[in-house]
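Text of run-v7.cif, listed as mmCIF, C-alpha atoms:
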```cif
data_target
loop_
_atom_site.group_PDB
_atom_site.id
_atom_site.type_symbol
_atom_site.label_atom_id
_atom_site.label_comp_id
_atom_site.auth_asym_id
_atom_site.auth_seq_id
_atom_site.Cartn_x
_atom_site.Cartn_y
_atom_site.Cartn_z
ATOM 1 C CA MET A 1 92.313 -4.140 117.802
ATOM 2 C CA VAL A 2 91.979 -3.460 114.092
ATOM 3 C CA ASP A 3 92.979 -5.547 111.096
ATOM 4 C CA ILE A 4 94.185 -5.071 107.537
ATOM 5 C CA LEU A 5 92.254 -7.380 105.195
ATOM 6 C CA HIS A 6 92.824 -8.274 101.553
ATOM 7 C CA ARG A 7 91.796 -10.890 98.994
ATOM 8 C CA VAL A 8 93.327 -11.600 95.594
ATOM 9 C CA GLY A 9 92.973 -14.433 93.092
ATOM 10 C CA VAL A 10 95.947 -15.902 91.265
ATOM 11 C CA LYS A 11 94.962 -17.212 87.849
ATOM 12 C CA THR A 12 95.931 -20.657 86.526
ATOM 13 C CA SER A 13 97.833 -21.451 89.654
ATOM 14 C CA ALA A 14 97.558 -23.909 92.536
ATOM 15 C CA PRO A 15 97.701 -23.318 96.287
ATOM 16 C CA ALA A 16 101.030 -25.183 96.505
ATOM 17 C CA ARG A 17 102.675 -22.657 94.175
ATOM 18 C CA VAL A 18 101.531 -19.718 96.291
ATOM 19 C CA TYR A 19 102.528 -21.605 99.441
ATOM 20 C CA ASP A 20 106.065 -21.965 98.048
ATOM 21 C CA ALA A 21 106.196 -18.193 97.428
ATOM 22 C CA LEU A 22 105.278 -17.652 101.107
ATOM 23 C CA THR A 23 107.591 -20.210 102.700
ATOM 24 C CA THR A 24 110.842 -20.173 100.734
ATOM 25 C CA VAL A 25 113.424 -17.386 100.914
ATOM 26 C CA GLU A 26 113.661 -17.379 97.105
ATOM 27 C CA GLY A 27 109.905 -17.060 96.689
ATOM 28 C CA LEU A 28 109.548 -14.282 99.256
ATOM 29 C CA ALA A 29 112.488 -12.379 97.749
ATOM 30 C CA ASP A 30 110.783 -12.459 94.364
ATOM 31 C CA TRP A 31 107.666 -10.545 95.442
ATOM 32 C CA TRP A 32 108.289 -8.765 98.780
ATOM 33 C CA THR A 33 111.910 -7.756 99.210
ATOM 34 C CA ASP A 34 115.179 -8.798 97.592
ATOM 35 C CA ASP A 35 116.755 -8.761 101.042
ATOM 36 C CA THR A 36 115.033 -11.779 102.617
ATOM 37 C CA LYS A 37 116.858 -14.249 104.856
ATOM 38 C CA GLY A 38 115.989 -16.957 107.366
ATOM 39 C CA ILE A 39 113.722 -19.985 107.568
ATOM 40 C CA GLY A 40 110.129 -19.894 106.363
ATOM 41 C CA ASP A 41 109.231 -23.553 105.967
ATOM 42 C CA GLN A 42 109.427 -24.631 109.635
ATOM 43 C CA VAL A 43 107.289 -23.592 112.578
ATOM 44 C CA GLY A 44 109.583 -21.644 114.889
ATOM 45 C CA GLY A 45 111.746 -20.414 112.019
ATOM 46 C CA VAL A 46 112.436 -16.705 111.771
ATOM 47 C CA LEU A 47 112.312 -14.734 108.525
ATOM 48 C CA GLU A 48 114.218 -11.459 108.233
ATOM 49 C CA PHE A 49 112.831 -8.993 105.709
ATOM 50 C CA ARG A 50 114.857 -5.839 105.059
ATOM 51 C CA PHE A 51 113.874 -2.811 102.953
ATOM 52 C CA PRO A 52 115.793 0.317 101.914
ATOM 53 C CA VAL A 53 114.341 1.825 105.101
ATOM 54 C CA GLY A 54 113.805 -0.572 108.015
ATOM 55 C CA GLY A 55 112.545 -4.120 108.087
ATOM 56 C CA PHE A 56 110.703 -6.845 109.962
ATOM 57 C CA ASP A 57 111.547 -10.143 111.662
ATOM 58 C CA MET A 58 108.717 -12.669 111.592
ATOM 59 C CA GLU A 59 108.474 -15.932 113.480
ATOM 60 C CA VAL A 60 106.612 -18.676 111.628
ATOM 61 C CA ILE A 61 103.909 -19.800 114.067
ATOM 62 C CA GLU A 62 101.665 -21.978 111.891
ATOM 63 C CA LEU A 63 102.087 -23.891 108.635
ATOM 64 C CA GLN A 64 99.538 -26.073 106.837
ATOM 65 C CA PRO A 65 101.011 -27.000 103.467
ATOM 66 C CA ALA A 66 99.153 -25.370 100.559
ATOM 67 C CA GLU A 67 96.519 -24.031 102.984
ATOM 68 C CA ARG A 68 97.749 -21.668 105.651
ATOM 69 C CA VAL A 69 100.776 -19.676 106.817
ATOM 70 C CA VAL A 70 100.883 -17.515 109.954
ATOM 71 C CA TRP A 71 103.725 -15.250 111.062
ATOM 72 C CA ARG A 72 104.119 -13.217 114.247
ATOM 73 C CA VAL A 73 106.129 -10.011 114.033
ATOM 74 C CA VAL A 74 108.956 -10.252 116.582
ATOM 75 C CA ASP A 75 110.973 -7.188 115.531
ATOM 76 C CA GLY A 76 110.338 -4.082 113.433
ATOM 77 C CA PRO A 77 108.321 -0.883 113.799
ATOM 78 C CA GLU A 78 106.707 -0.573 117.209
ATOM 79 C CA GLU A 79 103.196 -0.706 115.693
ATOM 80 C CA TRP A 80 103.982 -4.054 114.037
ATOM 81 C CA VAL A 81 105.588 -5.952 116.913
ATOM 82 C CA GLY A 82 103.175 -8.543 118.295
ATOM 83 C CA THR A 83 100.809 -8.372 115.312
ATOM 84 C CA THR A 84 100.151 -11.497 113.230
ATOM 85 C CA ILE A 85 100.024 -11.979 109.490
ATOM 86 C CA GLU A 86 97.772 -14.779 108.261
ATOM 87 C CA TRP A 87 97.636 -16.215 104.772
ATOM 88 C CA THR A 88 94.835 -18.633 103.839
ATOM 89 C CA LEU A 89 94.858 -20.362 100.451
ATOM 90 C CA ARG A 90 92.263 -22.368 98.549
ATOM 91 C CA GLN A 91 91.408 -23.243 94.975
ATOM 92 C CA ASP A 92 88.210 -21.843 93.385
ATOM 93 C CA GLY A 93 87.987 -22.955 89.762
ATOM 94 C CA ASP A 94 90.906 -21.487 87.840
ATOM 95 C CA TYR A 95 91.980 -19.238 90.710
ATOM 96 C CA THR A 96 94.031 -19.731 93.821
ATOM 97 C CA ILE A 97 92.317 -17.440 96.329
ATOM 98 C CA ILE A 98 94.561 -15.728 98.866
ATOM 99 C CA VAL A 99 92.791 -14.334 101.927
ATOM 100 C CA PHE A 100 95.194 -12.097 103.836
ATOM 101 C CA ARG A 101 94.840 -10.676 107.356
ATOM 102 C CA HIS A 102 97.323 -8.524 109.250
ATOM 103 C CA ARG A 103 95.740 -8.676 112.698
ATOM 104 C CA GLY A 104 96.161 -7.065 116.052
ATOM 105 C CA TRP A 105 97.010 -3.413 115.349
ATOM 106 C CA LYS A 106 96.408 -1.512 118.580
ATOM 107 C CA GLU A 107 95.160 1.670 116.885
ATOM 108 C CA PRO A 108 94.182 2.666 113.322
ATOM 109 C CA VAL A 109 97.115 5.086 113.048
ATOM 110 C CA GLU A 110 97.873 6.702 109.684
ATOM 111 C CA PHE A 111 100.849 4.347 109.261
ATOM 112 C CA MET A 112 98.351 1.455 109.350
ATOM 113 C CA HIS A 113 96.398 3.033 106.480
ATOM 114 C CA ARG A 114 99.631 3.227 104.499
ATOM 115 C CA CYS A 115 100.530 -0.390 105.313
ATOM 116 C CA SER A 116 97.070 -1.501 104.150
ATOM 117 C CA THR A 117 97.563 0.038 100.698
ATOM 118 C CA LYS A 118 101.140 -1.231 100.525
ATOM 119 C CA TRP A 119 100.076 -4.797 101.412
ATOM 120 C CA GLY A 120 97.516 -4.627 98.594
ATOM 121 C CA SER A 121 100.248 -3.575 96.210
ATOM 122 C CA PHE A 122 102.586 -6.356 97.372
ATOM 123 C CA LEU A 123 99.768 -8.910 97.017
ATOM 124 C CA MET A 124 99.520 -7.818 93.387
ATOM 125 C CA SER A 125 103.279 -8.387 93.154
ATOM 126 C CA LEU A 126 102.825 -11.927 94.546
ATOM 127 C CA LYS A 127 99.967 -12.556 92.082
ATOM 128 C CA SER A 128 102.124 -11.322 89.224
ATOM 129 C CA LEU A 129 105.077 -13.451 90.311
ATOM 130 C CA VAL A 130 103.037 -16.664 90.287
ATOM 131 C CA GLU A 131 101.130 -15.792 87.105
ATOM 132 C CA THR A 132 104.003 -14.421 85.017
ATOM 133 C CA GLY A 133 107.234 -15.292 86.829
ATOM 134 C CA GLU A 134 107.891 -11.648 87.633
ATOM 135 C CA GLY A 135 106.999 -9.762 90.819
ATOM 136 C CA ALA A 136 107.874 -6.269 91.977
ATOM 137 C CA PRO A 137 109.781 -6.736 95.246
ATOM 138 C CA ALA A 138 111.600 -3.919 97.052
ATOM 139 C CA PRO A 139 113.590 -1.995 96.025
ATOM 140 C CA ARG A 140 111.704 -2.224 92.692
ATOM 141 C CA ASP A 141 108.298 -2.025 94.382
ATOM 142 C CA VAL A 142 105.465 0.273 93.320
ATOM 143 C CA GLN A 143 105.728 3.623 95.110
ATOM 144 C CA ILE A 144 102.387 4.557 96.643
ATOM 145 C CA SER A 145 103.293 7.766 98.536
ATOM 146 C CA ASP A 146 105.925 9.960 100.150
ATOM 147 C CA TRP A 147 106.424 7.061 102.630
ATOM 148 C CA HIS A 148 107.214 4.816 99.633
ATOM 149 C CA MET B 1 81.990 -2.592 112.941
ATOM 150 C CA VAL B 2 85.129 -2.895 110.831
ATOM 151 C CA ASP B 3 86.745 -0.457 108.425
ATOM 152 C CA ILE B 4 88.778 -0.502 105.242
ATOM 153 C CA LEU B 5 91.699 1.939 105.538
ATOM 154 C CA HIS B 6 94.140 3.231 102.930
ATOM 155 C CA ARG B 7 96.651 6.041 102.415
ATOM 156 C CA VAL B 8 98.310 7.172 99.194
ATOM 157 C CA GLY B 9 100.331 10.233 98.221
ATOM 158 C CA VAL B 10 99.829 12.017 94.913
ATOM 159 C CA LYS B 11 103.046 13.630 93.700
ATOM 160 C CA THR B 12 103.297 17.227 92.485
ATOM 161 C CA SER B 13 99.621 17.781 93.027
ATOM 162 C CA ALA B 14 97.441 19.918 95.276
ATOM 163 C CA PRO B 15 94.446 18.947 97.424
ATOM 164 C CA ALA B 16 92.119 20.946 95.151
ATOM 165 C CA ARG B 17 93.032 18.755 92.163
ATOM 166 C CA VAL B 18 92.236 15.565 94.047
ATOM 167 C CA TYR B 19 89.064 17.163 95.430
ATOM 168 C CA ASP B 20 87.932 17.839 91.845
ATOM 169 C CA ALA B 21 88.509 14.173 90.978
ATOM 170 C CA LEU B 22 86.248 13.215 93.909
ATOM 171 C CA THR B 23 83.425 15.695 93.361
ATOM 172 C CA THR B 24 82.941 16.011 89.598
ATOM 173 C CA VAL B 25 81.330 13.366 87.414
ATOM 174 C CA GLU B 26 84.146 13.775 84.867
ATOM 175 C CA GLY B 27 86.832 13.320 87.512
ATOM 176 C CA LEU B 28 85.179 10.274 89.078
ATOM 177 C CA ALA B 29 84.616 8.686 85.667
ATOM 178 C CA ASP B 30 88.328 9.014 84.915
ATOM 179 C CA TRP B 31 89.535 6.860 87.816
ATOM 180 C CA TRP B 32 86.611 4.787 89.192
ATOM 181 C CA THR B 33 84.076 3.905 86.542
ATOM 182 C CA ASP B 34 83.246 5.256 83.102
ATOM 183 C CA ASP B 35 79.581 4.946 83.999
ATOM 184 C CA THR B 36 79.273 7.705 86.633
ATOM 185 C CA LYS B 37 76.256 10.016 86.852
ATOM 186 C CA GLY B 38 74.722 12.410 89.363
ATOM 187 C CA ILE B 39 75.825 15.275 91.567
ATOM 188 C CA GLY B 40 79.014 15.130 93.613
ATOM 189 C CA ASP B 41 79.689 18.767 94.446
ATOM 190 C CA GLN B 42 76.656 19.459 96.666
ATOM 191 C CA VAL B 43 75.746 18.025 100.038
ATOM 192 C CA GLY B 44 72.608 15.957 99.490
ATOM 193 C CA GLY B 45 73.575 15.150 95.910
ATOM 194 C CA VAL B 46 73.517 11.510 94.823
ATOM 195 C CA LEU B 47 76.223 9.894 92.708
ATOM 196 C CA GLU B 48 75.413 6.768 90.695
ATOM 197 C CA PHE B 49 78.379 4.508 89.959
ATOM 198 C CA ARG B 50 77.779 1.537 87.667
ATOM 199 C CA PHE B 51 80.180 -1.295 86.806
ATOM 200 C CA PRO B 52 79.948 -4.199 84.346
ATOM 201 C CA VAL B 53 78.452 -6.101 87.287
ATOM 202 C CA GLY B 54 76.411 -4.051 89.765
ATOM 203 C CA GLY B 55 76.952 -0.600 91.169
ATOM 204 C CA PHE B 56 76.502 1.830 94.027
ATOM 205 C CA ASP B 57 74.478 4.961 94.773
ATOM 206 C CA MET B 58 76.179 7.344 97.190
ATOM 207 C CA GLU B 59 74.697 10.376 98.892
ATOM 208 C CA VAL B 60 77.160 13.201 99.482
ATOM 209 C CA ILE B 61 76.891 13.928 103.209
ATOM 210 C CA GLU B 62 79.883 16.205 103.844
ATOM 211 C CA LEU B 63 82.066 18.472 101.699
ATOM 212 C CA GLN B 64 84.944 20.692 102.790
ATOM 213 C CA PRO B 65 86.607 22.033 99.658
ATOM 214 C CA ALA B 66 90.104 20.623 99.131
ATOM 215 C CA GLU B 67 89.945 18.903 102.542
ATOM 216 C CA ARG B 68 87.220 16.339 102.996
ATOM 217 C CA VAL B 69 84.505 14.407 101.167
ATOM 218 C CA VAL B 70 82.098 11.935 102.794
ATOM 219 C CA TRP B 71 79.588 9.707 101.037
ATOM 220 C CA ARG B 72 76.943 7.380 102.466
ATOM 221 C CA VAL B 73 76.015 4.316 100.447
ATOM 222 C CA VAL B 74 72.267 4.429 99.835
ATOM 223 C CA ASP B 75 71.973 1.603 97.292
ATOM 224 C CA GLY B 76 74.150 -1.294 96.177
ATOM 225 C CA PRO B 77 75.293 -4.616 97.647
ATOM 226 C CA GLU B 78 73.660 -5.355 100.990
ATOM 227 C CA GLU B 79 77.021 -5.238 102.806
ATOM 228 C CA TRP B 80 77.658 -1.692 101.510
ATOM 229 C CA VAL B 81 74.314 -0.046 102.226
ATOM 230 C CA GLY B 82 74.626 2.284 105.215
ATOM 231 C CA THR B 83 78.424 2.295 105.216
ATOM 232 C CA THR B 84 80.298 5.583 104.759
ATOM 233 C CA ILE B 85 83.262 6.446 102.590
ATOM 234 C CA GLU B 86 85.491 9.241 103.880
ATOM 235 C CA TRP B 87 88.232 11.027 101.978
ATOM 236 C CA THR B 88 90.589 13.381 103.843
ATOM 237 C CA LEU B 89 93.126 15.449 101.900
ATOM 238 C CA ARG B 90 96.134 17.509 102.961
ATOM 239 C CA GLN B 91 99.409 18.689 101.498
ATOM 240 C CA ASP B 92 102.705 17.316 102.877
ATOM 241 C CA GLY B 93 105.601 18.797 100.924
ATOM 242 C CA ASP B 94 105.364 17.682 97.286
ATOM 243 C CA TYR B 95 102.570 15.199 97.999
ATOM 244 C CA THR B 96 98.833 15.460 98.382
ATOM 245 C CA ILE B 97 98.075 12.841 101.029
ATOM 246 C CA ILE B 98 94.782 10.984 100.687
ATOM 247 C CA VAL B 99 93.572 9.209 103.807
ATOM 248 C CA PHE B 100 90.699 6.915 102.899
ATOM 249 C CA ARG B 101 88.243 5.114 105.183
ATOM 250 C CA HIS B 102 85.323 2.901 104.196
ATOM 251 C CA ARG B 103 83.619 2.627 107.577
ATOM 252 C CA GLY B 104 80.828 0.697 109.173
ATOM 253 C CA TRP B 105 81.020 -2.813 107.687
ATOM 254 C CA LYS B 106 78.970 -5.068 109.932
ATOM 255 C CA GLU B 107 81.225 -8.106 109.544
ATOM 256 C CA PRO B 108 84.668 -8.786 108.021
ATOM 257 C CA VAL B 109 83.172 -11.016 105.312
ATOM 258 C CA GLU B 110 85.386 -12.238 102.466
ATOM 259 C CA PHE B 111 83.747 -9.702 100.136
ATOM 260 C CA MET B 112 85.085 -6.968 102.435
ATOM 261 C CA HIS B 113 88.635 -8.332 102.021
ATOM 262 C CA ARG B 114 88.158 -8.153 98.258
ATOM 263 C CA CYS B 115 86.801 -4.604 98.422
ATOM 264 C CA SER B 116 89.802 -3.546 100.511
ATOM 265 C CA THR B 117 92.253 -4.711 97.852
ATOM 266 C CA LYS B 118 90.098 -3.253 95.097
ATOM 267 C CA TRP B 119 89.885 0.154 96.822
ATOM 268 C CA GLY B 120 93.697 0.158 97.067
ATOM 269 C CA SER B 121 93.899 -0.533 93.355
ATOM 270 C CA PHE B 122 91.395 2.242 92.534
ATOM 271 C CA LEU B 123 93.306 4.677 94.771
ATOM 272 C CA MET B 124 96.351 3.950 92.612
ATOM 273 C CA SER B 125 94.145 4.726 89.589
ATOM 274 C CA LEU B 126 93.178 8.073 91.172
ATOM 275 C CA LYS B 127 96.849 8.823 91.940
ATOM 276 C CA SER B 128 97.797 7.991 88.364
ATOM 277 C CA LEU B 129 94.986 10.136 86.954
ATOM 278 C CA VAL B 130 96.126 13.231 88.852
ATOM 279 C CA GLU B 131 99.845 12.612 88.288
ATOM 280 C CA THR B 132 99.739 11.599 84.643
ATOM 281 C CA GLY B 133 96.264 12.445 83.316
ATOM 282 C CA GLU B 134 95.396 8.770 82.918
ATOM 283 C CA GLY B 135 93.583 6.539 85.395
ATOM 284 C CA ALA B 136 92.306 2.967 85.067
ATOM 285 C CA PRO B 137 88.539 3.188 85.637
ATOM 286 C CA ALA B 138 86.136 0.295 85.046
ATOM 287 C CA PRO B 139 85.798 -1.416 82.651
ATOM 288 C CA ARG B 140 89.563 -0.915 82.109
ATOM 289 C CA ASP B 141 90.378 -1.461 85.788
ATOM 290 C CA VAL B 142 93.087 -3.787 87.100
ATOM 291 C CA GLN B 143 91.710 -7.281 87.649
ATOM 292 C CA ILE B 144 92.635 -8.541 91.119
ATOM 293 C CA SER B 145 90.768 -11.864 91.249
ATOM 294 C CA ASP B 146 87.966 -14.089 89.975
ATOM 295 C CA TRP B 147 85.580 -11.449 91.397
ATOM 296 C CA HIS B 148 87.303 -8.867 89.182
#
```
Could the structure of this file be written out as structure tokens, please?
Amino acid sequence: MVDILHRVGVKTSAPARVYDALTTVEGLADWWTDDTKGIGDQVGGVLEFRFPVGGFDMEVIELQPAERVVWRVVDGPEEWVGTTIEWTLRQDGDYTIIVFRHRGWKEPVEFMHRCSTKWGSFLMSLKSLVETGEGAPAPRDVQISDWH
Amino acid sequence: MVDILHRVGVKTSAPARVYDALTTVEGLADWWTDDTKGIGDQVGGVLEFRFPVGGFDMEVIELQPAERVVWRVVDGPEEWVGTTIEWTLRQDGDYTIIVFRHRGWKEPVEFMHRCSTKWGSFLMSLKSLVETGEGAPAPRDVQISDWH
């Protein structure tokens, strides 16, 4: 099992603001993908994220307001199904620290390398959304390669 | 042991151009840090990268022109010393694909999460340098958190 790990700090924010951007359809649509549907603020809810090519369904499996969000991938690319995505939030001075883990990849395939870079880019979109009001969700996301 | 993995594609480039940006002091200074010294184009050479806070010394341990570069960290933060940084290059259609691995972290400490996101950001700087002639090296790098 191998994991994708990231850490960003959102300036002059609060954990509750980042938590909202991770648990509401409006928030998620503003940094990850315009085409977001479902329920993100209840354990057992399912979020449906769609991109110009493909998408993911995530079941919300843990919520601790302003502290922690965990999703399990229930549909999407074969490599993603069964993996978990964990968000941990805390305040350090002026920054809300986001510690991100996408856990449980079976193998470090090249697609995983690409997803690692792309998650980093989307975390910067989330940071930008909370700091400035403007993210870069799909389909206006930053292109990192031939695989978008 | 845990690894940081990334993958980006550089448009309308060639592996030799990216290889130059990984093996010459001028190239490295244009995407990673202004303050780069040493020898990057010979096995056994040592590159010295310095940032506003801290830095790294890397020994070049493998070079395959336009295909592969491997460095071993010989000085720097305790968590980095002894780890290896591997760059693999190939052409896929219009894109030069960079597969990046920072291998051999002892533990997935929070600093490793930060370095993962920061490497992704610097890979985008490298991509930008080769595509447009302009990267974002330190001290003009993208700030991702309180830890810069």
When the PyMOL selection byres ((chain B) within 10 of (chain A)) is applied to the structure above, which residues does it catch, written out as a ChimeraX atom specification?
/B:2-11,92-101,108-121,123-124,127,142-148
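You will find atom CA of Lys37 of chain A at 16.8 Å from atom CA of Ile61 of chain A.
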Just so the selection is clear, what residues does the PyMOL selection byres ((chain B and resi 64-76) around 7) cover here, as a count of residues only?
25
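Atom CA of Glu131 of chain A is positioned 28.4 Å from atom CA of Val53 of chain A.
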May I have the residues within 9 Å of Ser128 of chain A as a list in words, using all atoms listed in the file and disregarding those fewer than 6 positions away in the same chain?
Val10, Trp31, Glu134, Gly135 and Ala136 of chain A
Translate the PyMOL selection byres ((chain B and resi 39) around 10) into a concrete residue list for this structure, as a list in words.
Thr23, Thr24, Val25, Thr36, Lys37, Gly38, Gly40, Asp41, Gln42, Val43, Gly44, Gly45, Val46, Leu47, Glu48, Met58, Glu59 and Val60 of chain B
Could you pull out every residue with an atom within 8 Å of (110.6, -5.0, 96.8), file coordinates, counting all atoms listed in the file, and send them as number ranges by chain?
A: 29-34, 51, 136-141
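Distances here use only C-alpha atoms; by that measure, the residue among A:Glu79, A:Thr132, A:Arg50, A:Ser125 closest to Lys106 of chain A is A:Glu79.
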Some atoms are missing, so please complete segment 117-137 of chain B with N, CA and C atoms and return it as a PDB file, in the frame of the given file.
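Output file result.pdb is given in full below:
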```
ATOM      1  N   THR B 117      91.202  -4.664  98.871  1.00  0.00           N
ATOM      2  CA  THR B 117      92.253  -4.711  97.852  1.00  0.00           C
ATOM      3  C   THR B 117      91.849  -3.882  96.639  1.00  0.00           C
ATOM      4  N   LYS B 118      90.579  -3.968  96.282  1.00  0.00           N
ATOM      5  CA  LYS B 118      90.098  -3.253  95.097  1.00  0.00           C
ATOM      6  C   LYS B 118      90.130  -1.736  95.326  1.00  0.00           C
ATOM      7  N   TRP B 119      89.767  -1.282  96.522  1.00  0.00           N
ATOM      8  CA  TRP B 119      89.885   0.154  96.822  1.00  0.00           C
ATOM      9  C   TRP B 119      91.352   0.601  96.686  1.00  0.00           C
ATOM     10  N   GLY B 120      92.275  -0.212  97.189  1.00  0.00           N
ATOM     11  CA  GLY B 120      93.697   0.158  97.067  1.00  0.00           C
ATOM     12  C   GLY B 120      94.085   0.328  95.614  1.00  0.00           C
ATOM     13  N   SER B 121      93.602  -0.593  94.785  1.00  0.00           N
ATOM     14  CA  SER B 121      93.899  -0.533  93.355  1.00  0.00           C
ATOM     15  C   SER B 121      93.263   0.710  92.718  1.00  0.00           C
ATOM     16  N   PHE B 122      92.041   1.038  93.090  1.00  0.00           N
ATOM     17  CA  PHE B 122      91.395   2.242  92.534  1.00  0.00           C
ATOM     18  C   PHE B 122      92.048   3.529  93.066  1.00  0.00           C
ATOM     19  N   LEU B 123      92.563   3.502  94.290  1.00  0.00           N
ATOM     20  CA  LEU B 123      93.306   4.677  94.771  1.00  0.00           C
ATOM     21  C   LEU B 123      94.565   4.899  93.937  1.00  0.00           C
ATOM     22  N   MET B 124      95.188   3.806  93.496  1.00  0.00           N
ATOM     23  CA  MET B 124      96.351   3.950  92.612  1.00  0.00           C
ATOM     24  C   MET B 124      95.917   4.511  91.251  1.00  0.00           C
ATOM     25  N   SER B 125      94.700   4.166  90.827  1.00  0.00           N
ATOM     26  CA  SER B 125      94.145   4.726  89.589  1.00  0.00           C
ATOM     27  C   SER B 125      93.926   6.235  89.745  1.00  0.00           C
ATOM     28  N   LEU B 126      93.387   6.648  90.893  1.00  0.00           N
ATOM     29  CA  LEU B 126      93.178   8.073  91.172  1.00  0.00           C
ATOM     30  C   LEU B 126      94.517   8.820  91.196  1.00  0.00           C
ATOM     31  N   LYS B 127      95.493   8.225  91.883  1.00  0.00           N
ATOM     32  CA  LYS B 127      96.849   8.823  91.940  1.00  0.00           C
ATOM     33  C   LYS B 127      97.411   8.998  90.526  1.00  0.00           C
ATOM     34  N   SER B 128      97.284   7.952  89.730  1.00  0.00           N
ATOM     35  CA  SER B 128      97.797   7.991  88.364  1.00  0.00           C
ATOM     36  C   SER B 128      97.080   9.061  87.532  1.00  0.00           C
ATOM     37  N   LEU B 129      95.757   9.132  87.697  1.00  0.00           N
ATOM     38  CA  LEU B 129      94.986  10.136  86.954  1.00  0.00           C
ATOM     39  C   LEU B 129      95.530  11.547  87.234  1.00  0.00           C
ATOM     40  N   VAL B 130      95.709  11.864  88.508  1.00  0.00           N
ATOM     41  CA  VAL B 130      96.126  13.231  88.852  1.00  0.00           C
ATOM     42  C   VAL B 130      97.587  13.454  88.468  1.00  0.00           C
ATOM     43  N   GLU B 131      98.417  12.440  88.597  1.00  0.00           N
ATOM     44  CA  GLU B 131      99.845  12.612  88.288  1.00  0.00           C
ATOM     45  C   GLU B 131     100.118  12.630  86.785  1.00  0.00           C
ATOM     46  N   THR B 132      99.371  11.796  86.045  1.00  0.00           N
ATOM     47  CA  THR B 132      99.739  11.599  84.643  1.00  0.00           C
ATOM     48  C   THR B 132      98.620  11.954  83.667  1.00  0.00           C
ATOM     49  N   GLY B 133      97.403  12.186  84.182  1.00  0.00           N
ATOM     50  CA  GLY B 133      96.264  12.445  83.316  1.00  0.00           C
ATOM     51  C   GLY B 133      95.535  11.190  82.892  1.00  0.00           C
ATOM     52  N   GLU B 134      96.041  10.020  83.334  1.00  0.00           N
ATOM     53  CA  GLU B 134      95.396   8.770  82.918  1.00  0.00           C
ATOM     54  C   GLU B 134      95.170   7.835  84.099  1.00  0.00           C
ATOM     55  N   GLY B 135      93.925   7.513  84.367  1.00  0.00           N
ATOM     56  CA  GLY B 135      93.583   6.539  85.395  1.00  0.00           C
ATOM     57  C   GLY B 135      93.227   5.203  84.757  1.00  0.00           C
ATOM     58  N   ALA B 136      92.736   4.280  85.571  1.00  0.00           N
ATOM     59  CA  ALA B 136      92.306   2.967  85.067  1.00  0.00           C
ATOM     60  C   ALA B 136      90.913   2.664  85.619  1.00  0.00           C
ATOM     61  N   PRO B 137      89.904   3.426  85.149  1.00  0.00           N
ATOM     62  CA  PRO B 137      88.539   3.188  85.637  1.00  0.00           C
ATOM     63  C   PRO B 137      87.937   1.938  85.000  1.00  0.00           C
TER      64      PRO B 137
END
```
